[in-house]
Amino acid sequence: VGDQTVEVLRNLEFKVQPGEFVGIQGPSGSGKSTLFYVLGFLLKPTSGTVVFDDADMMQLSSDELTLIRNQKIGFVFQQFHLLAKTSTIENILLPTRYPSEFAEIRSEDREKAVTLAQKLGLGEHLDHHPNQLSGGQQQRVAIARALMNDIDLILADEPTGNLDSKNAQQILDLLADLNRQGKTIILITHDAEVAKRCAKVYHLKDGAFTHVVDNFVAEGLKHFQGSSSTRVLKKRLRLPKRYDWPMMKKLIRSVLPLGFENILRNKAKSLLTMLGVMIGVAAVLAMVTLGQFAKGKILESYESLGVNKVVLRAWPNWRMKATDIVPVYFKAFDWKKDLLPVRPLFREISKMSPSLSVGNMRAISGGVEGGDGKVTIMGVVPEYLAITNRSLQAGTNINDYHVEGKSPVCLIGFDLAKRIFTRMNPIGQVLTLTDGSRVNFPCKIMGVLAPVGSNSDWTPPNLHVLLPYSYFQTVIDNWWQSQIHAVVMQVESGTDVETFGKRLRGYYVGKYGNSGQFFIDSDSTLIAQMKKFLNIFAILLGAIALLSLVVGGIGINNMMLVSVTERLKEFGIRKALGATHRSIRVQVLSESIGLCGVAGLMGVLIGFTAYEGLIFLATQLVPKLKFEWVFDPIAVSLSLFSIFAVGVASGLVPALKAEKLQVIESLRSE
């Protein structure tokens, strides 16, 4: 007390033989309750020894003492100490639930509990809660609970203190009957009349025994001593020093139902607590899924604009030294020798076309000129349209026969057709292409390209004229312009364009060495930046959702902390009856994980419904967007992991707090 040390018990020495009925009598403040806790191994004395079943209790750990209490001792408290929101039958069965490392829920235990209840006059009250029972009935429940594990010793602390005289006599008669059956009984009391029912009474005052009264000798009766069980501690169950997975599974299987029972007993509080986690998990699933969905659609739209297009450019290395040794000297690409063979080597290539061009040309047909000298002539193959996402307004595309035969055919841009062919169909007409001096050649119009938007004033795509590259090479008299120095390729969707470009360039560097200069032009940088932005966007969405989940987890953590504070007495009872530290920890964790698990699964369902609803709404607002069922394994996995993580994190501190609770302080809390 403050700086002063008070000795509650001092110089005590006595021995209780198996089968004895011993009373300890003393006034209030004499140390009876403290002695009761020492005898029940709920409190270790600061010095001295307590020997039970030939074993020194002072040398055992708290979990080992818990095991002895569960298997050897039955407690009958003055305050009954029944679980308030638990039925009579479950209160009686409580010792069989522990230690959870070994406990198994068996039908024979329930049958035994029912039999005990019936013997004690509780047969009609099996489903009643303690507040529906009288004081005498509650004390009988406590006695039935004490007898469930076929214990050797009954410790009774003022068992009649809260009872009327009639119920008090019934409880004392019951204890005497149990003693005649061979149970050792130690009864703590301040009442002299109650003490007379004991065979031997130790009188306690100021923490020390003053004298001992043998009631049988005083009354001239023959001393009765029952026969106790010969079981010894070393033959009983021992807690494992190391917990393997099968033992942990048994522990979890035993404790998990207790956690869910507590959740169900507090439905309103549990539901309100779960709301935060439900919203958080739903937000995580919905936002992460929508983020990935939006990312995919945006990248798809970019691909439709040609971002999965790669341009390979090459020309001779004019800076190559005469001493440089190269495998083959590079001048320009050969379509059949250099380009077509790479398609089997690089499976990512879906389409490929050479790209030869000459600008500032004029187009004339029937004496009508169009293009104002800004016409660009391009030598390509049929796949060029698909690679560049161009389509035809009218007519047909050039084909492989035109390329193979160097046919003088062409496709013309939409604006060029509109300017020249104002009153006639351009398909089948002959168009003359000229630079106004040396270059002057005709082509038959096969098709008109659909118009496309562009900000380019130098090479407007609607003034393009596309020729078979083989015909282009035939009619262009400039050797440099007639050679293939650029190739456009389309890669499969989902290809890492940047990595592909490096591999492709490496192939040609390996083939031609230092004789050529090879460059990869693509929108890979744009794609990389866009992916980076979209990834940041998705992370931000997920982070916002995780914040709401953290808030929900904090709510569960607070609820569990409050719950531990409110349930101090419950945990004290469980520990007194055999719950180990680990059992309490796992029980509180199971409650937290159970709350998060139920809330999380409901959140997953809500999140799935929410993001599918939003996708459907988006399809109504965006005409080109089609509704689809989306399942993102990453989002679902993250949600499930979040459920478990939040459950453990929010329950860990309350579990550790519950685990460290002192039995005596917990039992005394109200």
# chains A, B, ... in the order shown; residues from 1 in each chain; ligands from 1
$ select_by_dssp --residues "range 55-251 of chain A" --states "strand (DSSP E)" --output "MDAnalysis selection string"
chainID A and resid 55:56 73:76 153:157 184:189 200:205 208:214
$ residues_around --residues "range 583-592 of chain A" --least-positions-apart "2" --cutoff "9 Å" --atoms "only C-alpha atoms" --output "PyMOL selection string"
chain A and resi 98-101+251-252+254-263+556-557+560+564+571+574-575+579-581+594-597+646-652+654-659
$ select_by_dssp --residues "range 155-401 of chain A" --states "alpha helix (DSSP H)" --output "JSON, numbers by chain"
{"A": [165, 166, 167, 168, 169, 170, 171, 172, 173, 174, 175, 176, 177, 178, 179, 180, 192, 193, 194, 195, 215, 216, 217, 218, 245, 246, 247, 248, 249, 250, 251, 252, 253, 254, 255, 256, 257, 258, 259, 260, 261, 262, 263, 264, 265, 267, 268, 269, 270, 271, 272, 273, 274, 275, 276, 277, 278, 279, 280, 281, 282, 283, 284, 285, 286, 287, 288, 289, 290, 291, 292, 293, 294, 295, 296, 297, 298, 299, 300, 301, 302, 303, 304, 342, 343, 344, 345, 384, 385, 386, 387, 400, 401]}
$ atom_distance --atom1 "CA of Asp63 in chain A" --atom2 "CA of Ala645 in chain A"
28.2 Å
